[in-house]
$ cat work.tsv   # TSV, C-alpha atoms and all ligand atoms
chain	number	residue	atom	x	y	z
P	1	MET	CA	5.30	76.80	-4.34
P	2	LYS	CA	3.51	78.42	-1.45
P	3	LEU	CA	4.49	81.22	0.92
P	4	LEU	CA	5.12	80.80	4.63
P	5	GLN	CA	4.25	84.46	5.21
P	6	ASP	CA	0.74	83.81	3.87
P	7	LEU	CA	-0.03	81.70	6.93
P	8	SER	CA	-1.65	82.86	10.13
P	9	TYR	CA	-0.42	81.47	13.43
P	10	ALA	CA	-3.27	78.94	13.47
P	11	GLU	CA	-2.46	77.84	9.92
P	12	LEU	CA	1.21	77.40	10.88
P	13	ASN	CA	0.12	75.19	13.74
P	14	GLU	CA	-1.73	72.95	11.31
P	15	LEU	CA	1.27	72.91	9.02
P	16	VAL	CA	3.74	71.72	11.64
P	17	GLY	CA	1.21	69.08	12.68
P	18	ARG	CA	1.07	67.86	9.10
P	19	TYR	CA	4.86	67.45	9.20
P	20	GLY	CA	4.62	65.53	12.47
P	21	GLU	CA	6.47	68.26	14.38
P	22	PRO	CA	5.53	69.44	17.88
P	23	SER	CA	3.43	72.59	18.09
P	24	PHE	CA	6.20	74.77	19.56
P	25	ARG	CA	7.76	74.62	16.08
P	26	ALA	CA	4.90	76.83	14.91
P	27	ALA	CA	6.08	79.62	17.21
P	28	GLN	CA	9.64	79.22	15.92
P	29	LEU	CA	8.52	79.31	12.29
P	30	TYR	CA	6.26	82.27	12.94
P	31	SER	CA	9.16	84.14	14.50
P	32	LEU	CA	11.28	83.38	11.43
P	33	ALA	CA	8.56	84.57	9.04
P	34	MET	CA	7.88	87.76	11.01
P	35	ARG	CA	11.58	88.63	10.96
P	36	HIS	CA	11.62	88.15	7.21
P	37	LYS	CA	14.36	85.54	7.52
P	38	GLU	CA	15.39	82.71	5.24
P	39	TYR	CA	15.53	79.08	6.33
P	40	GLU	CA	19.35	79.24	6.46
P	41	GLU	CA	19.07	81.84	9.20
P	42	ALA	CA	17.00	79.58	11.44
P	43	THR	CA	19.16	78.32	14.29
P	44	ASN	CA	16.59	76.47	16.37
P	45	LEU	CA	14.77	74.33	13.80
P	46	PRO	CA	15.80	70.81	12.68
P	47	LYS	CA	17.57	70.77	9.31
P	48	LYS	CA	15.52	67.89	7.98
P	49	PHE	CA	12.26	69.65	8.68
P	50	LEU	CA	13.50	72.83	7.02
P	51	VAL	CA	14.65	70.97	3.93
P	52	ALA	CA	11.27	69.28	3.57
P	53	LEU	CA	9.45	72.55	4.20
P	54	SER	CA	11.54	74.45	1.67
P	55	GLU	CA	10.29	72.12	-1.04
P	56	GLU	CA	6.75	73.31	-0.41
P	57	TYR	CA	7.11	76.87	0.93
P	58	TYR	CA	9.28	79.92	0.34
P	59	ALA	CA	10.34	81.39	3.69
P	60	THR	CA	10.12	84.96	2.38
P	61	ALA	CA	7.62	86.12	-0.23
P	62	LEU	CA	9.85	88.74	-1.81
P	63	GLU	CA	13.22	90.47	-1.83
P	64	ILE	CA	14.12	94.14	-1.97
P	65	THR	CA	16.13	94.31	-5.19
P	66	GLU	CA	16.53	98.08	-5.58
P	67	THR	CA	16.56	100.94	-3.08
P	68	TYR	CA	16.46	104.65	-3.86
P	69	ARG	CA	17.06	107.23	-1.15
P	70	GLY	CA	15.46	110.66	-1.47
P	71	LYS	CA	16.89	113.88	-0.05
P	72	ASP	CA	13.92	114.17	2.31
P	73	GLY	CA	14.55	110.80	3.95
P	74	ALA	CA	11.97	108.94	1.86
P	75	GLU	CA	13.04	105.63	0.39
P	76	LYS	CA	11.63	103.83	-2.56
P	77	TYR	CA	11.97	100.09	-3.10
P	78	LEU	CA	11.52	97.70	-5.90
P	79	PHE	CA	10.38	94.35	-4.51
P	80	SER	CA	10.86	91.21	-6.58
P	81	LEU	CA	8.20	88.57	-6.06
P	82	ARG	CA	8.83	84.86	-6.40
P	83	ASP	CA	7.23	84.65	-9.86
P	84	GLY	CA	9.44	87.48	-11.17
P	85	CYS	CA	6.80	90.22	-10.96
P	86	VAL	CA	7.96	93.50	-9.45
P	87	ILE	CA	6.07	95.91	-7.22
P	88	GLU	CA	7.12	99.01	-5.34
P	89	GLY	CA	6.87	100.58	-1.94
P	90	VAL	CA	7.77	103.91	-0.36
P	91	TYR	CA	9.07	104.47	3.19
P	92	MET	CA	8.41	107.88	4.68
P	93	PRO	CA	9.85	108.78	8.08
P	94	HIS	CA	7.49	111.15	9.92
P	95	ASN	CA	7.58	112.57	13.40
P	96	TYR	CA	4.38	110.69	14.26
P	97	GLY	CA	5.70	107.40	12.95
P	98	ASP	CA	7.52	105.69	10.13
P	99	THR	CA	5.11	104.98	7.35
P	100	LEU	CA	5.27	102.42	4.58
P	101	CYS	CA	3.18	102.82	1.46
P	102	VAL	CA	2.18	99.29	0.46
P	103	SER	CA	1.13	97.94	-2.95
P	104	THR	CA	-1.89	95.62	-3.08
P	105	GLN	CA	-1.82	94.43	-6.71
P	106	VAL	CA	0.68	94.00	-9.52
P	107	GLY	CA	-0.61	96.75	-11.78
P	108	CYS	CA	-4.22	97.91	-11.53
P	109	ARG	CA	-7.36	97.72	-13.65
P	110	MET	CA	-9.09	100.90	-12.49
P	111	GLY	CA	-7.64	102.98	-15.33
P	112	CYS	CA	-7.45	106.38	-13.56
P	113	VAL	CA	-6.20	108.71	-16.28
P	114	PHE	CA	-3.42	110.37	-14.26
P	115	CYS	CA	-1.96	107.29	-12.61
P	116	ALA	CA	1.15	105.33	-13.57
P	117	SER	CA	0.08	102.12	-11.80
P	118	GLY	CA	-2.55	101.20	-14.34
P	119	LEU	CA	-0.42	101.83	-17.42
P	120	ASN	CA	-0.09	98.11	-18.16
P	121	GLY	CA	-3.40	97.04	-16.64
P	122	LEU	CA	-3.77	94.47	-13.89
P	123	VAL	CA	-1.35	91.55	-13.85
P	124	ARG	CA	-2.52	89.86	-10.66
P	125	ASN	CA	-3.59	90.32	-7.08
P	126	LEU	CA	-0.98	90.20	-4.33
P	127	SER	CA	-1.51	87.59	-1.67
P	128	ALA	CA	-1.86	88.57	1.98
P	129	GLY	CA	1.64	87.28	2.66
P	130	GLU	CA	3.16	89.29	-0.16
P	131	MET	CA	1.70	92.49	1.27
P	132	LEU	CA	2.87	91.47	4.74
P	133	ALA	CA	6.33	90.77	3.35
P	134	GLU	CA	6.57	94.33	2.00
P	135	VAL	CA	6.17	95.53	5.58
P	136	LEU	CA	8.44	92.89	7.12
P	137	ALA	CA	11.23	93.33	4.58
P	138	VAL	CA	11.38	97.09	5.11
P	139	ASN	CA	11.08	96.65	8.87
P	140	ARG	CA	14.09	94.34	8.76
P	141	LEU	CA	16.04	96.63	6.42
P	142	HIS	CA	15.70	99.38	9.01
P	143	GLY	CA	16.83	97.15	11.85
P	144	GLY	CA	13.33	96.56	13.18
P	145	THR	CA	11.93	93.40	14.75
P	146	PRO	CA	8.36	92.47	15.62
P	147	GLU	CA	9.11	93.66	19.17
P	148	LYS	CA	10.76	96.93	18.18
P	149	ARG	CA	9.18	98.12	14.96
P	150	ALA	CA	10.88	100.33	12.39
P	151	VAL	CA	7.62	100.51	10.43
P	152	THR	CA	4.82	101.80	12.65
P	153	ASN	CA	2.24	103.05	10.14
P	154	ILE	CA	0.90	101.68	6.89
P	155	VAL	CA	-0.92	103.32	4.02
P	156	LEU	CA	-2.43	101.06	1.38
P	157	MET	CA	-1.68	103.63	-1.30
P	158	GLY	CA	0.84	101.90	-3.48
P	159	SER	CA	-0.02	100.28	-6.78
P	160	GLY	CA	-3.36	98.58	-7.03
P	161	GLU	CA	-6.90	99.02	-5.78
P	162	PRO	CA	-7.09	97.38	-2.33
P	163	LEU	CA	-10.85	96.81	-2.44
P	164	ASP	CA	-10.50	95.07	-5.83
P	165	ASN	CA	-8.44	92.49	-3.88
P	166	TYR	CA	-10.79	92.43	-0.92
P	167	TYR	CA	-10.22	88.93	0.42
P	168	ASN	CA	-6.41	89.09	0.46
P	169	VAL	CA	-6.30	92.67	1.73
P	170	THR	CA	-8.53	91.87	4.70
P	171	LYS	CA	-6.46	88.79	5.46
P	172	PHE	CA	-3.36	91.00	5.30
P	173	LEU	CA	-4.96	93.43	7.77
P	174	ARG	CA	-5.50	90.56	10.19
P	175	LEU	CA	-1.95	89.25	9.77
P	176	VAL	CA	-0.23	92.60	10.14
P	177	SER	CA	-2.24	93.53	13.24
P	178	ASP	CA	-1.82	90.13	14.92
P	179	GLU	CA	-0.50	90.59	18.45
P	180	ARG	CA	1.89	87.67	18.05
P	181	GLY	CA	3.36	89.17	14.89
P	182	ILE	CA	4.46	92.69	13.98
P	183	ASN	CA	1.25	93.91	15.63
P	184	ILE	CA	0.67	97.17	13.79
P	185	SER	CA	-2.54	98.63	15.14
P	186	LEU	CA	-5.45	99.04	12.71
P	187	ARG	CA	-5.59	102.62	13.99
P	188	ASN	CA	-2.24	103.21	12.29
P	189	ILE	CA	-3.37	101.84	8.94
P	190	SER	CA	-5.08	103.78	6.14
P	191	LEU	CA	-6.75	102.10	3.20
P	192	SER	CA	-7.14	104.20	0.08
P	193	THR	CA	-9.80	103.36	-2.49
P	194	CYS	CA	-11.06	104.85	-5.73
P	195	GLY	CA	-14.55	104.26	-4.34
P	196	LEU	CA	-15.84	100.69	-4.75
P	197	ALA	CA	-18.99	101.47	-2.80
P	198	ASP	CA	-20.16	97.89	-2.16
P	199	LYS	CA	-16.75	96.91	-0.79
P	200	ILE	CA	-16.60	100.01	1.42
P	201	ARG	CA	-19.80	98.75	3.07
P	202	LYS	CA	-18.39	95.26	3.36
P	203	LEU	CA	-15.25	96.63	5.02
P	204	ALA	CA	-17.40	98.65	7.41
P	205	ASP	CA	-19.13	95.41	8.44
P	206	SER	CA	-15.86	93.47	8.78
P	207	GLY	CA	-14.82	95.04	12.06
P	208	LEU	CA	-11.41	95.98	10.58
P	209	ALA	CA	-11.71	99.65	11.46
P	210	VAL	CA	-8.86	101.16	9.46
P	211	THR	CA	-8.84	104.79	8.37
P	212	LEU	CA	-10.72	105.01	5.10
P	213	THR	CA	-9.28	107.28	2.45
P	214	VAL	CA	-11.34	107.88	-0.67
P	215	SER	CA	-9.81	109.19	-3.87
P	216	LEU	CA	-12.44	111.75	-4.79
P	217	HIS	CA	-10.52	114.05	-7.16
P	218	ALA	CA	-13.69	115.78	-8.44
P	219	ALA	CA	-17.04	116.84	-7.01
P	220	THR	CA	-19.31	116.32	-10.02
P	221	ASP	CA	-19.95	113.02	-11.80
P	222	GLU	CA	-19.03	114.53	-15.14
P	223	LYS	CA	-15.58	115.64	-14.00
P	224	ARG	CA	-14.97	112.58	-11.87
P	225	SER	CA	-15.89	110.11	-14.62
P	226	ALA	CA	-13.40	111.83	-16.91
P	227	LEU	CA	-10.63	111.17	-14.38
P	228	LEU	CA	-11.74	107.90	-12.76
P	229	PRO	CA	-13.63	105.57	-15.11
P	230	VAL	CA	-14.84	103.64	-12.03
P	231	ASN	CA	-17.14	106.58	-11.33
P	232	ARG	CA	-19.45	105.34	-14.08
P	233	LYS	CA	-20.08	102.21	-12.07
P	234	TYR	CA	-20.12	103.86	-8.64
P	235	PRO	CA	-21.18	107.50	-9.02
P	236	ILE	CA	-20.37	110.05	-6.34
P	237	ALA	CA	-23.73	109.79	-4.52
P	238	GLU	CA	-23.27	106.04	-4.03
P	239	VAL	CA	-19.71	106.48	-2.82
P	240	LEU	CA	-20.76	109.12	-0.31
P	241	ASP	CA	-23.59	106.94	0.98
P	242	ALA	CA	-21.10	104.14	1.55
P	243	VAL	CA	-18.68	106.55	3.23
P	244	LYS	CA	-21.37	107.74	5.64
P	245	TYR	CA	-22.14	104.11	6.42
P	246	TYR	CA	-18.44	103.51	7.09
P	247	PHE	CA	-18.34	106.42	9.51
P	248	ALA	CA	-21.52	105.30	11.25
P	249	LYS	CA	-20.11	101.80	11.73
P	250	THR	CA	-16.52	102.64	12.70
P	251	GLY	CA	-16.57	106.19	14.02
P	252	ARG	CA	-13.42	106.84	11.98
P	253	ARG	CA	-13.22	110.18	10.24
P	254	ILE	CA	-13.06	109.87	6.46
P	255	ILE	CA	-10.20	111.29	4.42
P	256	PHE	CA	-10.85	112.49	0.88
P	257	GLU	CA	-7.90	112.63	-1.47
P	258	TYR	CA	-8.03	115.30	-4.12
P	259	ALA	CA	-5.24	115.49	-6.68
P	260	LEU	CA	-5.10	118.88	-8.36
P	261	ALA	CA	-4.84	118.49	-12.13
P	262	GLU	CA	-4.34	121.48	-14.37
P	263	GLY	CA	-7.41	122.22	-16.48
P	264	LYS	CA	-9.48	119.41	-14.93
P	265	ASN	CA	-10.51	119.96	-11.32
P	266	ALA	CA	-8.32	122.69	-9.85
P	267	ASP	CA	-10.26	125.93	-10.48
P	268	VAL	CA	-12.14	127.89	-7.82
P	269	LYS	CA	-15.50	126.64	-9.09
P	270	SER	CA	-14.38	123.07	-8.49
P	271	ALA	CA	-13.34	124.05	-4.98
P	272	THR	CA	-16.78	125.47	-4.20
P	273	GLU	CA	-18.42	122.34	-5.61
P	274	LEU	CA	-16.18	120.22	-3.40
P	275	ALA	CA	-17.00	122.25	-0.29
P	276	GLU	CA	-20.70	121.89	-1.03
P	277	LEU	CA	-20.40	118.14	-1.60
P	278	VAL	CA	-18.58	117.25	1.63
P	279	LYS	CA	-20.62	119.60	3.82
P	280	GLY	CA	-22.03	117.64	6.76
P	281	ILE	CA	-19.66	114.67	6.38
P	282	ASN	CA	-17.15	114.16	9.19
P	283	CYS	CA	-14.13	114.33	6.94
P	284	HIS	CA	-10.80	115.84	6.09
P	285	VAL	CA	-9.64	116.78	2.61
P	286	ASN	CA	-6.09	115.96	1.60
P	287	LEU	CA	-4.95	117.91	-1.43
P	288	ILE	CA	-2.08	116.60	-3.52
P	289	ASN	CA	-0.58	118.50	-6.38
P	290	LEU	CA	-0.65	116.02	-9.24
P	291	ASN	CA	2.65	114.29	-9.81
P	292	TYR	CA	3.64	114.54	-13.41
P	293	VAL	CA	3.59	111.15	-15.10
P	294	LYS	CA	5.21	111.28	-18.49
P	295	GLU	CA	2.95	108.70	-20.12
P	296	ARG	CA	-0.17	110.46	-18.89
P	297	GLY	CA	0.74	114.00	-19.94
P	298	MET	CA	-1.20	115.64	-17.11
P	299	ARG	CA	0.21	118.23	-14.75
P	300	GLY	CA	-0.37	119.80	-11.35
P	301	ILE	CA	-0.91	123.52	-10.75
P	302	ALA	CA	1.17	126.49	-9.50
P	303	SER	CA	1.53	127.11	-5.76
P	304	GLY	CA	-0.52	130.34	-5.90
P	305	GLU	CA	-3.44	128.42	-7.37
P	306	ILE	CA	-3.11	125.71	-4.75
P	307	LYS	CA	-3.35	128.37	-2.06
P	308	GLU	CA	-6.48	129.81	-3.63
P	309	PHE	CA	-8.07	126.35	-3.85
P	310	MET	CA	-7.24	125.70	-0.19
P	311	GLN	CA	-8.57	129.05	0.96
P	312	THR	CA	-11.82	128.50	-0.91
P	313	LEU	CA	-12.30	125.27	1.01
P	314	GLU	CA	-11.21	126.70	4.36
P	315	SER	CA	-13.49	129.70	4.08
P	316	ARG	CA	-16.37	127.24	3.66
P	317	GLY	CA	-15.45	125.34	6.80
P	318	VAL	CA	-13.72	122.36	5.20
P	319	SER	CA	-10.81	120.82	7.11
P	320	VAL	CA	-8.03	120.65	4.54
P	321	THR	CA	-4.28	120.13	4.24
P	322	LEU	CA	-1.89	119.97	1.34
P	323	ARG	CA	-0.12	116.65	1.37
P	324	ARG	CA	3.61	117.15	1.51
P	325	SER	CA	4.85	115.22	-1.44
P	326	MET	CA	7.78	113.04	-0.42
P	327	GLY	CA	10.28	111.25	-2.58
P	328	ASN	CA	9.69	113.44	-5.63
P	329	ASP	CA	13.32	113.12	-6.65
P	330	ILE	CA	13.05	109.33	-6.61
P	331	GLY	CA	9.82	108.82	-8.54
P	332	GLY	CA	7.55	108.83	-5.50
P	333	ALA	CA	4.24	108.63	-7.35
P	334	CYS	CA	2.44	105.33	-7.61
P	335	GLY	CA	3.70	102.95	-10.20
P	336	GLN	CA	6.38	105.22	-11.63
P	337	LEU	CA	9.31	103.10	-10.54
P	338	ARG	CA	7.82	99.88	-11.80
P	339	ALA	CA	6.82	101.50	-15.09
P	340	ARG	CA	10.39	102.74	-15.52
P	341	TYR	CA	11.80	99.33	-14.62
P	342	ILE	CA	9.62	97.66	-17.25
P	343	ALA	CA	10.45	100.26	-19.89
P	344	GLU	CA	14.21	100.29	-19.24
P	345	ARG	CA	14.72	96.54	-19.03
P	346	GLY	CA	12.26	95.79	-21.77
P	347	ALA	CA	10.89	93.49	-19.06
P	348	SER	CA	7.46	92.00	-19.25
P	349	PRO	CA	5.03	93.55	-16.76
P	350	LYS	CA	4.02	89.97	-15.94
P	351	GLY	CA	7.47	88.91	-14.73
P	352	ALA	CA	9.59	85.87	-15.46
P	353	GLU	CA	6.80	83.38	-16.10
P	354	ALA	CA	5.40	85.53	-18.84
P	355	GLU	CA	8.88	85.93	-20.35
P	356	GLU	CA	9.09	82.18	-20.60
P	357	GLU	CA	5.77	81.94	-22.38
P	358	LYS	CA	7.03	84.07	-25.25
P	401	LIG	N1	-6.29	102.53	-5.77
P	401	LIG	C1	-6.28	103.30	-4.56
P	401	LIG	C2	-4.91	103.45	-3.92
P	401	LIG	C3	-3.71	103.71	-4.77
P	401	LIG	S1	-3.33	105.29	-5.34
P	401	LIG	C4	-6.94	104.64	-4.78
P	401	LIG	O1	-7.33	104.93	-5.89
P	401	LIG	O2	-7.10	105.37	-3.83
P	401	LIG	C5	-3.05	106.36	-4.00
P	401	LIG	C6	-3.44	107.79	-4.31
P	401	LIG	O3	-2.56	108.40	-5.26
P	401	LIG	C7	-4.85	107.90	-4.92
P	401	LIG	O4	-5.52	108.97	-4.33
P	401	LIG	C8	-4.53	108.18	-6.37
P	401	LIG	O5	-5.63	108.75	-7.03
P	401	LIG	C9	-3.33	109.07	-6.24
P	401	LIG	N2	-2.53	109.24	-7.47
P	401	LIG	C10	-2.33	108.38	-8.48
P	401	LIG	N3	-1.56	108.93	-9.43
P	401	LIG	C11	-1.24	110.15	-9.00
P	401	LIG	C12	-0.46	111.21	-9.55
P	401	LIG	N4	0.13	111.10	-10.72
P	401	LIG	N5	-0.36	112.33	-8.81
P	401	LIG	C13	-0.98	112.45	-7.60
P	401	LIG	N6	-1.71	111.50	-7.05
P	401	LIG	C14	-1.86	110.36	-7.74
$ encode --input "work.tsv" --output "structure tokens"
Amino acid sequence: MKLLQDLSYAELNELVGRYGEPSFRAAQLYSLAMRHKEYEEATNLPKKFLVALSEEYYATALEITETYRGKDGAEKYLFSLRDGCVIEGVYMPHNYGDTLCVSTQVGCRMGCVFCASGLNGLVRNLSAGEMLAEVLAVNRLHGGTPEKRAVTNIVLMGSGEPLDNYYNVTKFLRLVSDERGINISLRNISLSTCGLADKIRKLADSGLAVTLTVSLHAATDEKRSALLPVNRKYPIAEVLDAVKYYFAKTGRRIIFEYALAEGKNADVKSATELAELVKGINCHVNLINLNYVKERGMRGIASGEIKEFMQTLESRGVSVTLRRSMGNDIGGACGQLRARYIAERGASPKGAEAEEEK
């Protein structure tokens, strides 16, 4: 079975042609898909056509099967995909816009030592339509339509490494910013990567000028490799070269993410190393106090130490903020909800198909 939400407007046009339907049906189907509606909710399409179509395509790529509401207004969702895999997303209302944190893979193979998403490795890439459906489902849940959006900003910071799923992620960026669809501007989208330098360059050349966020987390190769194994393949110097290229091509300021981990990267010396490293790059540093992940056993630091780390950066001219952590009471950190779901249900990380194989 295929997914209607994977299709661009042009691809839908071809599809209706294949079914011998007039081309205005493409607009009707597109409207259905962008509203995250099921075939039964379509009022203006012929029954026979819908029945035939439903044998080849799912109307929606996923369903929201669990919702958790945090005290701060954040919401966390468990999405169930059509093959039984689950992924998660977080909705964060902000005064500048309502942001959805989108997952790009089921699991992850980057193996960052503090992260819950990679606990069971990579299961599979998400398709462009599955990522789009995360946005459309939450938009609908909050009463939004493509014309009046309830989701206005997107961060690709959920589970998965977006640049490890380059083709589908860039297709998703085109779908979600399509003027005929939900039309979320690329300016309102951030893509977070652990630093796949070659793909950062490729993205720079693609013309999809999203905000690039790089998970730096340490300023020396020794410390960074101990936290992010990917650093052995793409050491810091290569990542920074790619980042400079990205800025030169897009003019978008780079964001560096830096999660403070007790005993690893959070001392004053690390702060001075960081300030030295990013000197001369048009960037902003986003500090996050590490979210405790039980299976990883690593912790963040005390607020006094965070302040000291920040001041060390500020006094050296680095633009820095501490990221307000939202949804802490509902397992806001990447992959935590899915990991809990798998542990509690004794479910397979691979979903229903894998269960059947057993
Ligand atoms: N793979 C991408 C995007 C997903 S993770 C990336 O690496 O950037 C989004 C951000 O959350 C990354 O900066 C990641 O390093 C960070 N992160 C993961 N686990 C965390 C934890 N336990 N506490 C704080 N930040 C975490």
$ residues_near_ligand --input "work.tsv" --ligand "ligand LIG 401 (chain P)" --cutoff "6 Å" --atoms "only C-alpha atoms and all ligand atoms" --output "list of chain:residue names"
P:Phe114, P:Cys115, P:Met157, P:Gly158, P:Ser159, P:Gly160, P:Glu161, P:Ser192, P:Thr193, P:Cys194, P:Val214, P:Ser215, P:Glu257, P:Ala259, P:Ile288, P:Leu290, P:Asn291, P:Tyr292, P:Val293, P:Ala333, P:Cys334
$ residues_near_point --input "work.tsv" --point "(-19.5, 119.7, -1.6)" --cutoff "12 Å" --atoms "only C-alpha atoms" --output "PyMOL selection string"
chain P and resi 216-220+236-237+240+256+269-281+283+285+312-313+316-318
$ atom_distance --input "work.tsv" --atom1 "atom CA of P:Leu32" --atom2 "atom CA of P:Leu173"
19.4 Å
$ residues_near_point --input "work.tsv" --point "(0.3, 90.9, 13.4)" --cutoff "12 Å" --atoms "all atoms listed in the file" --output "MDAnalysis selection string"
chainID P and resid 5:9 30:31 33:35 128:129 132:133 135:136 145:147 149 152 171:186
$ residues_around --input "work.tsv" --residues "stretch 65-80 of chain P" --least-positions-apart "3" --cutoff "6 Å" --atoms "all atoms listed in the file" --output "PDB file with C-alpha atoms, in the frame of the given file"
ATOM      1  CA  LEU P  62       9.850  88.740  -1.810  1.00  0.00           C
ATOM      2  CA  VAL P  86       7.960  93.500  -9.450  1.00  0.00           C
ATOM      3  CA  ILE P  87       6.070  95.910  -7.220  1.00  0.00           C
ATOM      4  CA  GLU P  88       7.120  99.010  -5.340  1.00  0.00           C
ATOM      5  CA  GLY P  89       6.870 100.580  -1.940  1.00  0.00           C
ATOM      6  CA  VAL P  90       7.770 103.910  -0.360  1.00  0.00           C
ATOM      7  CA  TYR P  91       9.070 104.470   3.190  1.00  0.00           C
ATOM      8  CA  MET P  92       8.410 107.880   4.680  1.00  0.00           C
ATOM      9  CA  GLY P 327      10.280 111.250  -2.580  1.00  0.00           C
ATOM     10  CA  ILE P 330      13.050 109.330  -6.610  1.00  0.00           C
TER      11      ILE P 330
END
$ atom_distance --input "work.tsv" --atom1 "atom CA of P:Thr170" --atom2 "atom CA of P:Tyr57"
22.0 Å
$ residues_around --input "work.tsv" --residues "P:Ser127" --least-positions-apart "3" --cutoff "7 Å" --atoms "only C-alpha atoms" --output "VMD selection string"
chain P and resid 130 to 131 168
$ closest_residue --input "work.tsv" --among "P:Ile255, P:Leu81, P:Leu208, P:Ala242" --to "P:His284" --atoms "all atoms listed in the file"
P:Ile255
$ atom_distance --input "work.tsv" --atom1 "atom CA of P:Val123" --atom2 "atom CA of P:Cys108"
7.4 Å
$ residues_around --input "work.tsv" --residues "P:Asn125" --least-positions-apart "2" --cutoff "8 Å" --atoms "all atoms listed in the file" --output "list in words"
Thr104, Gln105, Val106, Leu122, Val123, Ser127 and Asn165 of chain P
$ residues_around --input "work.tsv" --residues "stretch 16-24 of chain P" --least-positions-apart "5" --cutoff "12 Å" --atoms "only C-alpha atoms" --output "JSON, numbers by chain"
{"P": [4, 7, 9, 10, 11, 29, 30, 31, 44, 45, 46, 48, 49, 50, 51, 52, 53, 56]}
$ axis_aligned_box --input "work.tsv" --around "stretch 231-244 of chain P" --padding-each-side "3 Å" --output "lines of an AutoDock Vina configuration file"
center_x = -20.4
center_y = 106.1
center_z = -4.2
size_x = 12.6
size_y = 13.8
size_z = 25.7
$ closest_residue --input "work.tsv" --among "P:Val155, P:Leu3, P:Met298, P:Met110" --to "P:Leu196" --atoms "all atoms listed in the file"
P:Met110
$ residues_around --input "work.tsv" --residues "P:Gly304" --least-positions-apart "6" --cutoff "12 Å" --atoms "only C-alpha atoms" --output "number ranges by chain"
P: 266-267, 289, 310-311
$ closest_residue --input "work.tsv" --among "P:Thr60, P:Arg124, P:Ala150, P:Gly297" --to "P:Thr99" --atoms "all atoms listed in the file"
P:Ala150
$ closest_residue --input "work.tsv" --among "P:Leu287, P:Leu12, P:Cys85, P:Ala59" --to "P:Ala27" --atoms "all atoms listed in the file"
P:Leu12
$ closest_residue --input "work.tsv" --among "P:Lys37, P:Arg299, P:His142, P:Arg252" --to "P:Asn188" --atoms "only C-alpha atoms"
P:Arg252
$ closest_residue --input "work.tsv" --among "P:Pro93, P:Gly143, P:Gly121, P:Gly195" --to "P:Arg232" --atoms "all atoms listed in the file"
P:Gly195
